[in-house]
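> File follows, structure-v2.cif with mmCIF, C-alpha atoms and all ligand atoms:
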```cif
data_protein
#
loop_
_atom_site.label_atom_id
_atom_site.label_comp_id
_atom_site.auth_asym_id
_atom_site.auth_seq_id
_atom_site.Cartn_x
_atom_site.Cartn_y
_atom_site.Cartn_z
CA MET A 1 -17.98 14.52 8.89
CA ASN A 2 -17.07 11.04 7.65
CA ASN A 3 -13.33 10.78 8.11
CA SER A 4 -12.93 7.34 6.57
CA ILE A 5 -10.60 6.88 3.63
CA ILE A 6 -11.04 3.14 3.15
CA GLU A 7 -14.16 1.09 4.03
CA ILE A 8 -14.33 -2.67 3.51
CA GLN A 9 -17.40 -4.85 3.88
CA GLY A 10 -17.62 -8.62 3.38
CA LEU A 11 -14.48 -8.92 1.28
CA GLN A 12 -13.67 -12.45 0.13
CA PHE A 13 -11.13 -13.45 -2.46
CA ASN A 14 -9.58 -16.49 -4.07
CA TRP A 15 -7.92 -16.64 -7.47
CA ASP A 16 -10.05 -19.70 -8.09
CA LYS A 17 -13.60 -18.58 -7.31
CA SER A 18 -14.77 -22.17 -6.81
CA LYS A 19 -12.40 -22.59 -3.83
CA VAL A 20 -12.66 -21.36 -0.22
CA PRO A 21 -11.48 -17.71 -0.07
CA PHE A 22 -8.00 -17.22 1.40
CA ILE A 23 -8.70 -13.54 2.06
CA THR A 24 -11.75 -12.86 4.22
CA ILE A 25 -12.23 -9.42 5.75
CA PRO A 26 -15.74 -9.01 7.22
CA GLY A 27 -15.30 -5.29 7.92
CA LEU A 28 -12.55 -2.71 8.17
CA VAL A 29 -12.47 1.10 8.28
CA VAL A 30 -9.25 3.07 7.89
CA LEU A 31 -9.41 6.76 8.77
CA LYS A 32 -7.68 9.80 7.31
CA SER A 33 -4.06 10.03 8.55
CA GLU A 34 -4.27 6.59 10.17
CA HIS A 35 -1.34 4.17 9.95
CA LEU A 36 -2.37 0.54 9.48
CA LEU A 37 0.04 -2.38 9.78
CA ILE A 38 -0.88 -5.43 7.67
CA LYS A 39 0.63 -8.64 9.01
CA GLY A 40 0.43 -12.22 7.83
CA ASP A 41 2.53 -15.25 7.02
CA SER A 42 4.30 -15.51 3.69
CA GLY A 43 1.71 -16.40 1.05
CA SER A 44 -1.24 -15.40 3.28
CA GLY A 45 -2.40 -12.78 0.78
CA LYS A 46 -0.94 -9.42 1.86
CA THR A 47 0.15 -8.35 -1.63
CA THR A 48 -3.10 -9.66 -3.10
CA PHE A 49 -5.00 -7.56 -0.55
CA LEU A 50 -3.05 -4.42 -1.55
CA ASN A 51 -3.78 -5.19 -5.21
CA LEU A 52 -7.50 -5.41 -4.43
CA LEU A 53 -7.32 -2.09 -2.56
CA SER A 54 -5.48 -0.33 -5.36
CA GLY A 55 -7.93 -1.69 -7.91
CA VAL A 56 -5.28 -3.63 -9.84
CA LEU A 57 -7.28 -6.78 -9.13
CA PRO A 58 -11.05 -6.68 -9.61
CA LEU A 59 -13.22 -7.65 -6.64
CA SER A 60 -15.18 -10.86 -6.91
CA SER A 61 -17.13 -10.50 -3.67
CA GLY A 62 -17.74 -7.74 -1.12
CA GLU A 63 -17.16 -4.02 -1.10
CA ILE A 64 -14.11 -1.77 -0.99
CA LYS A 65 -14.78 1.96 -0.84
CA ILE A 66 -11.89 4.31 -1.49
CA LEU A 67 -12.71 7.93 -0.60
CA GLY A 68 -16.38 6.97 -0.78
CA GLU A 69 -16.12 5.35 -4.23
CA ASN A 70 -17.07 1.65 -4.36
CA LEU A 71 -14.44 -0.07 -6.53
CA ALA A 72 -16.94 -2.76 -7.53
CA ASP A 73 -19.22 -0.13 -9.13
CA VAL A 74 -16.64 1.64 -11.29
CA SER A 75 -14.95 0.79 -14.60
CA SER A 76 -11.35 -0.40 -14.70
CA SER A 77 -10.26 2.96 -16.16
CA LYS A 78 -11.93 4.76 -13.24
CA ARG A 79 -10.13 2.38 -10.84
CA ASP A 80 -6.85 3.29 -12.60
CA ALA A 81 -7.68 6.99 -12.17
CA ILE A 82 -8.44 6.55 -8.45
CA ARG A 83 -5.08 4.79 -8.04
CA ALA A 84 -3.15 7.39 -10.06
CA ASN A 85 -4.73 10.42 -8.39
CA HIS A 86 -5.14 9.31 -4.78
CA MET A 87 -2.57 6.59 -4.09
CA GLY A 88 1.16 6.11 -3.97
CA VAL A 89 2.58 2.61 -3.97
CA ILE A 90 5.94 1.33 -2.72
CA PHE A 91 6.39 -2.11 -4.25
CA GLN A 92 8.22 -5.01 -2.62
CA MET A 93 10.84 -4.94 -5.41
CA PHE A 94 10.65 -1.12 -5.77
CA ASN A 95 10.03 -1.35 -9.59
CA LEU A 96 12.40 1.51 -10.44
CA ILE A 97 13.05 2.13 -14.15
CA PRO A 98 16.80 1.50 -14.68
CA TYR A 99 17.23 3.77 -17.73
CA LEU A 100 15.64 6.81 -16.04
CA SER A 101 17.51 9.10 -13.65
CA VAL A 102 16.72 9.19 -9.93
CA ILE A 103 14.63 12.36 -10.32
CA GLU A 104 12.83 11.04 -13.43
CA ASN A 105 11.85 7.91 -11.52
CA VAL A 106 10.29 10.02 -8.77
CA LEU A 107 8.42 12.13 -11.35
CA ILE A 108 6.69 9.14 -13.03
CA PRO A 109 3.36 9.49 -11.11
CA ILE A 110 3.11 13.16 -12.11
CA HIS A 111 2.87 12.14 -15.79
CA PHE A 112 -0.22 10.06 -14.95
CA SER A 113 -2.04 12.46 -12.66
CA GLU A 114 -3.06 16.08 -13.17
CA VAL A 115 -4.41 15.98 -9.59
CA LYS A 116 -0.94 15.29 -8.15
CA LYS A 117 0.66 17.83 -10.50
CA ASN A 118 -1.84 20.54 -9.49
CA LYS A 119 -1.35 19.87 -5.78
CA ILE A 120 2.36 20.58 -6.15
CA GLN A 121 1.75 23.72 -8.23
CA THR A 122 -0.78 25.03 -5.69
CA ARG A 123 1.98 24.91 -3.09
CA GLY A 124 4.16 27.06 -5.34
CA SER A 125 6.72 24.39 -6.36
CA THR A 126 7.61 22.62 -9.56
CA ALA A 127 7.39 18.83 -9.69
CA LYS A 128 11.18 18.63 -10.02
CA GLU A 129 11.72 20.82 -6.94
CA GLU A 130 9.29 18.64 -5.02
CA ALA A 131 11.08 15.46 -6.15
CA ILE A 132 14.42 16.85 -4.93
CA ARG A 133 12.87 18.01 -1.64
CA LEU A 134 11.39 14.57 -0.97
CA LEU A 135 14.59 12.73 -1.87
CA SER A 136 16.57 15.00 0.49
CA GLU A 137 13.98 14.61 3.29
CA LEU A 138 14.27 10.86 2.89
CA GLY A 139 18.02 11.10 3.39
CA LEU A 140 19.55 10.94 -0.08
CA GLN A 141 22.66 13.05 -0.62
CA GLN A 142 22.86 15.61 -3.46
CA LYS A 143 25.41 13.43 -5.29
CA GLU A 144 23.03 10.45 -5.23
CA ILE A 145 20.09 12.57 -6.35
CA HIS A 146 21.83 14.34 -9.24
CA GLU A 147 24.72 12.18 -10.40
CA LYS A 148 24.01 8.50 -9.84
CA LYS A 149 21.96 6.09 -11.90
CA VAL A 150 19.29 4.21 -9.95
CA THR A 151 21.23 1.02 -10.66
CA GLU A 152 24.24 2.53 -8.87
CA LEU A 153 22.30 3.08 -5.63
CA SER A 154 22.30 0.73 -2.64
CA VAL A 155 19.11 -1.19 -1.83
CA GLY A 156 18.35 1.25 0.99
CA GLN A 157 18.83 4.23 -1.31
CA GLN A 158 16.66 2.64 -4.03
CA GLN A 159 13.97 2.10 -1.45
CA ARG A 160 14.02 5.80 -0.59
CA VAL A 161 13.64 6.68 -4.28
CA ALA A 162 10.64 4.33 -4.40
CA ALA A 163 9.21 6.04 -1.30
CA ALA A 164 9.70 9.52 -2.81
CA ARG A 165 7.90 8.31 -5.97
CA ALA A 166 4.96 7.11 -3.85
CA LEU A 167 4.84 10.34 -1.81
CA ILE A 168 5.07 12.86 -4.66
CA GLY A 169 1.86 14.82 -5.17
CA SER A 170 0.75 14.06 -1.58
CA PRO A 171 -1.70 11.22 -2.28
CA GLU A 172 -4.31 10.48 0.38
CA ILE A 173 -3.23 6.83 0.59
CA ILE A 174 0.24 5.27 0.66
CA LEU A 175 0.48 1.51 0.16
CA ALA A 176 3.83 0.02 1.16
CA ASP A 177 4.41 -3.66 0.44
CA GLU A 178 7.21 -4.92 2.72
CA PRO A 179 9.53 -2.11 1.61
CA THR A 180 12.20 -3.02 4.17
CA SER A 181 12.46 -6.75 3.58
CA ALA A 182 15.99 -6.36 2.15
CA LEU A 183 17.27 -4.10 4.95
CA ASP A 184 18.80 -4.74 8.37
CA GLU A 185 16.77 -3.88 11.49
CA LYS A 186 18.37 -0.47 12.13
CA ASN A 187 17.85 0.74 8.57
CA SER A 188 14.33 -0.70 8.43
CA LEU A 189 13.36 1.30 11.50
CA ARG A 190 15.00 4.46 10.17
CA PHE A 191 13.13 4.09 6.90
CA LEU A 192 9.82 3.55 8.68
CA GLU A 193 10.34 6.69 10.80
CA LEU A 194 11.06 8.79 7.70
CA LEU A 195 8.03 7.40 5.91
CA LEU A 196 5.76 8.03 8.90
CA LYS A 197 7.08 11.58 9.18
CA GLU A 198 6.30 12.33 5.52
CA CYS A 199 2.85 10.71 5.77
CA ASN A 200 2.08 12.80 8.87
CA LYS A 201 3.09 15.98 7.08
CA ASN A 202 0.53 15.31 4.32
CA ASN A 203 -2.10 13.64 6.52
CA SER A 204 -1.72 10.59 4.28
CA THR A 205 -3.18 7.27 5.35
CA LEU A 206 -0.49 4.60 5.38
CA LEU A 207 -1.05 0.87 4.83
CA TYR A 208 2.22 -0.87 5.58
CA VAL A 209 2.84 -4.57 5.03
CA SER A 210 5.44 -6.17 7.25
CA HIS A 211 6.33 -9.50 8.83
CA ASP A 212 7.90 -7.65 11.73
CA SER A 213 5.40 -7.35 14.59
CA ARG A 214 7.99 -5.45 16.70
CA ILE A 215 7.04 -2.28 14.79
CA GLN A 216 3.38 -2.66 15.76
CA GLN A 217 3.44 0.13 18.38
CA ARG A 218 4.20 2.67 15.63
CA PHE A 219 0.75 2.00 14.10
CA GLN A 220 -2.72 2.98 15.32
CA GLN A 221 -4.29 -0.16 13.89
CA SER A 222 -3.04 -3.55 12.76
CA ILE A 223 -4.68 -6.48 11.01
CA SER A 224 -3.55 -9.97 10.25
CA ILE A 225 -4.89 -11.31 6.95
CA HIS A 226 -4.31 -14.83 8.23
CA ASP A 227 -6.27 -14.25 11.47
CA PHE A 228 -9.30 -12.81 9.69
CA THR A 229 -9.45 -15.77 7.35
CA GLU A 230 -8.79 -18.27 10.11
CA ASN A 231 -11.49 -16.77 12.38
CA MET A 232 -13.97 -16.94 9.49
CA ARG A 233 -13.15 -20.60 8.87
CA ILE A 234 -13.57 -21.42 12.58
CA ALA A 235 -16.92 -19.55 12.63
CA GLU A 236 -18.07 -21.39 9.48
CA LYS A 237 -17.00 -24.74 10.94
CA LYS A 238 -18.81 -24.02 14.23
CA GLY A 239 -21.90 -22.93 12.26
CA LYS A 240 -21.87 -26.19 10.27
CA GLU A 241 -21.39 -28.27 13.43
CA ALA A 242 -24.28 -26.46 15.12
CA MET A 243 -26.52 -27.15 12.09
CA GLU A 244 -25.53 -30.85 12.08
CA CYS A 245 -26.25 -31.18 15.82
CA SER A 246 -29.69 -29.59 15.50
CA SER A 247 -30.74 -31.76 12.50
N1 LIG B 1 -1.39 -14.01 -10.21
C1 LIG B 1 -1.65 -15.02 -9.38
N2 LIG B 1 -2.39 -16.07 -9.78
C2 LIG B 1 -2.70 -17.09 -8.94
N3 LIG B 1 -2.26 -17.17 -7.66
C3 LIG B 1 -1.51 -16.15 -7.19
C4 LIG B 1 -1.16 -15.02 -8.02
N4 LIG B 1 -0.42 -14.17 -7.27
C5 LIG B 1 -0.30 -14.73 -6.04
N5 LIG B 1 -0.97 -15.90 -5.99
C6 LIG B 1 -1.10 -16.79 -4.81
O1 LIG B 1 -1.89 -16.07 -3.84
C7 LIG B 1 -1.43 -16.36 -2.53
C8 LIG B 1 -1.13 -15.07 -1.80
O2 LIG B 1 0.00 -14.45 -2.42
P1 LIG B 1 0.51 -13.03 -1.94
O3 LIG B 1 1.64 -12.62 -2.82
O4 LIG B 1 -0.65 -12.11 -1.84
O5 LIG B 1 1.04 -13.37 -0.47
P2 LIG B 1 1.90 -12.47 0.55
O6 LIG B 1 1.24 -12.58 1.89
O7 LIG B 1 2.08 -11.10 0.01
O8 LIG B 1 3.27 -13.25 0.56
P3 LIG B 1 4.79 -12.75 0.88
O9 LIG B 1 4.79 -12.32 2.33
O10 LIG B 1 5.59 -13.99 0.67
O11 LIG B 1 5.10 -11.65 -0.07
C9 LIG B 1 -0.21 -17.29 -2.68
O12 LIG B 1 -0.65 -18.61 -2.46
C10 LIG B 1 0.21 -17.08 -4.11
O13 LIG B 1 0.81 -18.26 -4.62
#
```
If you convert what's in this file into structure tokens, what do you get?

Amino acid sequence: MNNSIIEIQGLQFNWDKSKVPFITIPGLVVLKSEHLLIKGDSGSGKTTFLNLLSGVLPLSSGEIKILGENLADVSSSKRDAIRANHMGVIFQMFNLIPYLSVIENVLIPIHFSEVKKNKIQTRGSTAKEEAIRLLSELGLQQKEIHEKKVTELSVGQQQRVAAARALIGSPEIILADEPTSALDEKNSLRFLELLLKECNKNNSTLLYVSHDSRIQQRFQQSISIHDFTENMRIAEKKGKEAMECSS
């Protein structure tokens, strides 16, 4: 059985198509339940890569298959549906809605996906019960869950709300874009452990962007966007030099 959740072939991207691509990924397969660390310098293209994977940005060259579906072959509404039904995203800035309660923030994905809603119902819970369970598992106290506004939570607590929102409905893929950049080392590690635990429970595949290579041993696979692109440039340069020598 093919266990791959994400398959990438010949991906190249630049905002300006006439320029040399700054993202170049010749090939990458990410398996079910696998945890992938995405490294790279600031501005190397990590967020752009996640946006290509989630279908927010259309592909200009190459192939990304999500659960066997090639994003380049489907309409933008189908890409939106794949994202809503099969992915959960933790954004760098969390993107919580300040006028909604903590629980309402976590429930947002359920309003966009019958698939996620049905998964929760099949397990005999309501979406609200599941939101509360996830928030508790991620370490929020009852008072924070039920009484506080999201704007009254600390950065670490907001990040846990954002994680619960990504995890609700057990999507096959969790994309986390530097979710711990505002936290100290101890809290970053604690958050990562909680996230890994929840992903393992659901067999979710996790793609986790971080600058911190010290966490690498917690992941089965890691890629550096910068290295891929750099290796490609070196190969292209060598290829050109070889051509010039032989002519
Ligand atoms: N909407 C956009 N239009 C044009 N260029 C963009 C756009 N968004 C990002 N870029 C550029 O694309 C490059 C990659 O940006 P990206 O945000 O993907 O990097 P990153 O690796 O996630 O950075 P950081 O670690 O600082 O968050 C940068 O040079 C950035 O200026």
> Return as a PyMOL selection string every polymer residue, whether protein, DNA or RNA, with at least one atom no more than 7 Å from an atom of ligand LIG 1 (chain B); count only C-alpha atoms and all ligand atoms.
chain A and resi 15+40-49
> For a quick check of your reading of the model, name the residues lying within 7 Å of the coordinate (17.0, 18.1, -8.6), counting only C-alpha atoms, and write them as an MDAnalysis selection string.
chainID A and resid 103 128:129 131:132 145:146
> Quick one: residues within 12 Å of Asn187 (chain A), all atoms listed in the file, excluding same-chain residues fewer than 3 positions away - as a list of chain:residue names?
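So the residues in contact are A:Gly139, A:Val155, A:Gly156, A:Gln157, A:Gln159, A:Arg160, A:Pro179, A:Thr180, A:Ser181, A:Ala182, A:Leu183, A:Asp184, A:Arg190, A:Phe191, A:Leu192, A:Glu193, A:Leu194.
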> Would you mind listing what lies within 6 Å of Leu36 (chain A) as a PyMOL selection string, with all atoms listed in the file counted and same-chain residues fewer than 2 positions away left out?
chain A and resi 207+219+221-222
> Would you work out the distance separating CA of Val56 (chain A) from CA of Arg83 (chain A), expressed in Å to one decimal?
8.6 Å
> Under the rule that all atoms listed in the file are counted, which of A:Leu107, A:Ile6, A:Leu57, A:Ile90 is the nearest residue to Glu69 (chain A)?
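Closest to Glu69 (chain A) of all the choices is A:Ile6.
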> Which one of A:Gly10, A:Lys186, A:Arg79, A:Glu34 sits closest to Arg218 (chain A) if you count all atoms listed in the file?
A:Glu34
> Which is closer to Lys116 (chain A) than all the others in A:Gly68, A:Gly55, A:Gly88, A:Pro21, using all atoms listed in the file?
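Smallest distance to Lys116 (chain A) is found for A:Gly88.
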> When distances are computed from only C-alpha atoms, which of A:Lys240, A:Ala162, A:Lys17, A:Leu195 shows the smallest separation from Ile97 (chain A)?
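The closest residue to Ile97 (chain A) is A:Ala162.
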> Tell me, in Å to one decimal, how far CA of Ile23 (chain A) is from CA of Ser75 (chain A).
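A separation of 22.8 Å between them.
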> Could you tell me which of A:Glu130, A:Glu7, A:Glu114, A:Glu244 comes closest to Asn70 (chain A) if we count all atoms listed in the file?
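Of the candidates, the smallest distance to Asn70 (chain A) is held by A:Glu7.
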> Choose the residue, out of A:Ile225, A:Cys199, A:Leu153, A:Leu100, that has the smallest atom-to-atom separation from His211 (chain A); count only C-alpha atoms.
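Nearest to His211 (chain A): A:Ile225.
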> Could you work out how far CA of Val106 (chain A) lies from CA of Gln142 (chain A), giving the answer in Å with one decimal?
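Distance reported for this atom pair: 14.7 Å.
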> Can you tell me, as an NGL selection string, what residues are no more than 12 Å from Leu67 (chain A) when counting all atoms listed in the file, ignoring any on the same chain fewer than 3 positions away?
:A and (2-8 or 29-32 or 53-54 or 64 or 70-71 or 79 or 82-83 or 85-87 or 171-173 or 205)
> May I ask you to restore N, CA and C atoms in region 178-206 of chain A and write the result as a PDB file, in the coordinates of the input?

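As a result, rebuild37.pdb now contains:
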```pdb
ATOM      1  N   GLU A 178       5.939  -4.431   2.144  1.00  0.00           N
ATOM      2  CA  GLU A 178       7.210  -4.920   2.720  1.00  0.00           C
ATOM      3  C   GLU A 178       8.413  -4.185   2.151  1.00  0.00           C
ATOM      4  N   PRO A 179       8.444  -2.854   2.259  1.00  0.00           N
ATOM      5  CA  PRO A 179       9.530  -2.110   1.610  1.00  0.00           C
ATOM      6  C   PRO A 179      10.883  -2.330   2.266  1.00  0.00           C
ATOM      7  N   THR A 180      10.908  -2.888   3.481  1.00  0.00           N
ATOM      8  CA  THR A 180      12.200  -3.020   4.170  1.00  0.00           C
ATOM      9  C   THR A 180      12.690  -4.459   4.231  1.00  0.00           C
ATOM     10  N   SER A 181      12.099  -5.332   3.437  1.00  0.00           N
ATOM     11  CA  SER A 181      12.460  -6.750   3.580  1.00  0.00           C
ATOM     12  C   SER A 181      13.940  -7.024   3.273  1.00  0.00           C
ATOM     13  N   ALA A 182      14.577  -6.121   2.480  1.00  0.00           N
ATOM     14  CA  ALA A 182      15.990  -6.360   2.150  1.00  0.00           C
ATOM     15  C   ALA A 182      16.941  -5.596   3.070  1.00  0.00           C
ATOM     16  N   LEU A 183      16.412  -4.934   4.099  1.00  0.00           N
ATOM     17  CA  LEU A 183      17.270  -4.100   4.950  1.00  0.00           C
ATOM     18  C   LEU A 183      17.491  -4.708   6.327  1.00  0.00           C
ATOM     19  N   ASP A 184      18.594  -4.278   6.993  1.00  0.00           N
ATOM     20  CA  ASP A 184      18.800  -4.740   8.370  1.00  0.00           C
ATOM     21  C   ASP A 184      17.842  -3.972   9.295  1.00  0.00           C
ATOM     22  N   GLU A 185      17.778  -4.411  10.559  1.00  0.00           N
ATOM     23  CA  GLU A 185      16.770  -3.880  11.490  1.00  0.00           C
ATOM     24  C   GLU A 185      16.904  -2.364  11.678  1.00  0.00           C
ATOM     25  N   LYS A 186      18.155  -1.902  11.851  1.00  0.00           N
ATOM     26  CA  LYS A 186      18.370  -0.470  12.130  1.00  0.00           C
ATOM     27  C   LYS A 186      17.883   0.377  10.946  1.00  0.00           C
ATOM     28  N   ASN A 187      18.251  -0.036   9.746  1.00  0.00           N
ATOM     29  CA  ASN A 187      17.850   0.740   8.570  1.00  0.00           C
ATOM     30  C   ASN A 187      16.363   0.619   8.280  1.00  0.00           C
ATOM     31  N   SER A 188      15.775  -0.532   8.599  1.00  0.00           N
ATOM     32  CA  SER A 188      14.330  -0.700   8.430  1.00  0.00           C
ATOM     33  C   SER A 188      13.578   0.298   9.299  1.00  0.00           C
ATOM     34  N   LEU A 189      14.038   0.403  10.563  1.00  0.00           N
ATOM     35  CA  LEU A 189      13.360   1.300  11.500  1.00  0.00           C
ATOM     36  C   LEU A 189      13.537   2.759  11.084  1.00  0.00           C
ATOM     37  N   ARG A 190      14.739   3.087  10.628  1.00  0.00           N
ATOM     38  CA  ARG A 190      15.000   4.460  10.170  1.00  0.00           C
ATOM     39  C   ARG A 190      14.100   4.820   9.005  1.00  0.00           C
ATOM     40  N   PHE A 191      13.978   3.856   8.071  1.00  0.00           N
ATOM     41  CA  PHE A 191      13.130   4.090   6.900  1.00  0.00           C
ATOM     42  C   PHE A 191      11.674   4.297   7.324  1.00  0.00           C
ATOM     43  N   LEU A 192      11.211   3.449   8.230  1.00  0.00           N
ATOM     44  CA  LEU A 192       9.820   3.550   8.680  1.00  0.00           C
ATOM     45  C   LEU A 192       9.570   4.916   9.325  1.00  0.00           C
ATOM     46  N   GLU A 193      10.515   5.381  10.149  1.00  0.00           N
ATOM     47  CA  GLU A 193      10.340   6.690  10.800  1.00  0.00           C
ATOM     48  C   GLU A 193      10.229   7.808   9.765  1.00  0.00           C
ATOM     49  N   LEU A 194      11.094   7.753   8.738  1.00  0.00           N
ATOM     50  CA  LEU A 194      11.060   8.790   7.700  1.00  0.00           C
ATOM     51  C   LEU A 194       9.737   8.758   6.938  1.00  0.00           C
ATOM     52  N   LEU A 195       9.283   7.549   6.649  1.00  0.00           N
ATOM     53  CA  LEU A 195       8.030   7.400   5.910  1.00  0.00           C
ATOM     54  C   LEU A 195       6.856   7.924   6.745  1.00  0.00           C
ATOM     55  N   LEU A 196       6.841   7.565   8.030  1.00  0.00           N
ATOM     56  CA  LEU A 196       5.760   8.030   8.900  1.00  0.00           C
ATOM     57  C   LEU A 196       5.762   9.552   9.000  1.00  0.00           C
ATOM     58  N   LYS A 197       6.962  10.122   9.074  1.00  0.00           N
ATOM     59  CA  LYS A 197       7.080  11.580   9.180  1.00  0.00           C
ATOM     60  C   LYS A 197       6.471  12.257   7.943  1.00  0.00           C
ATOM     61  N   GLU A 198       6.825  11.738   6.762  1.00  0.00           N
ATOM     62  CA  GLU A 198       6.300  12.330   5.520  1.00  0.00           C
ATOM     63  C   GLU A 198       4.793  12.135   5.407  1.00  0.00           C
ATOM     64  N   CYS A 199       4.306  10.960   5.814  1.00  0.00           N
ATOM     65  CA  CYS A 199       2.850  10.710   5.770  1.00  0.00           C
ATOM     66  C   CYS A 199       2.133  11.662   6.721  1.00  0.00           C
ATOM     67  N   ASN A 200       2.708  11.887   7.901  1.00  0.00           N
ATOM     68  CA  ASN A 200       2.080  12.800   8.870  1.00  0.00           C
ATOM     69  C   ASN A 200       2.011  14.217   8.326  1.00  0.00           C
ATOM     70  N   LYS A 201       3.070  14.626   7.636  1.00  0.00           N
ATOM     71  CA  LYS A 201       3.090  15.980   7.080  1.00  0.00           C
ATOM     72  C   LYS A 201       1.925  16.213   6.133  1.00  0.00           C
ATOM     73  N   ASN A 202       1.588  15.180   5.347  1.00  0.00           N
ATOM     74  CA  ASN A 202       0.530  15.310   4.320  1.00  0.00           C
ATOM     75  C   ASN A 202      -0.815  14.792   4.787  1.00  0.00           C
ATOM     76  N   ASN A 203      -0.891  14.324   6.040  1.00  0.00           N
ATOM     77  CA  ASN A 203      -2.100  13.640   6.520  1.00  0.00           C
ATOM     78  C   ASN A 203      -2.456  12.443   5.655  1.00  0.00           C
ATOM     79  N   SER A 204      -1.449  11.775   5.107  1.00  0.00           N
ATOM     80  CA  SER A 204      -1.720  10.590   4.280  1.00  0.00           C
ATOM     81  C   SER A 204      -2.007   9.393   5.164  1.00  0.00           C
ATOM     82  N   THR A 205      -2.892   8.540   4.684  1.00  0.00           N
ATOM     83  CA  THR A 205      -3.180   7.270   5.350  1.00  0.00           C
ATOM     84  C   THR A 205      -2.151   6.266   4.845  1.00  0.00           C
ATOM     85  N   LEU A 206      -1.533   5.550   5.781  1.00  0.00           N
ATOM     86  CA  LEU A 206      -0.490   4.600   5.380  1.00  0.00           C
ATOM     87  C   LEU A 206      -0.923   3.167   5.664  1.00  0.00           C
TER      88      LEU A 206
END
```
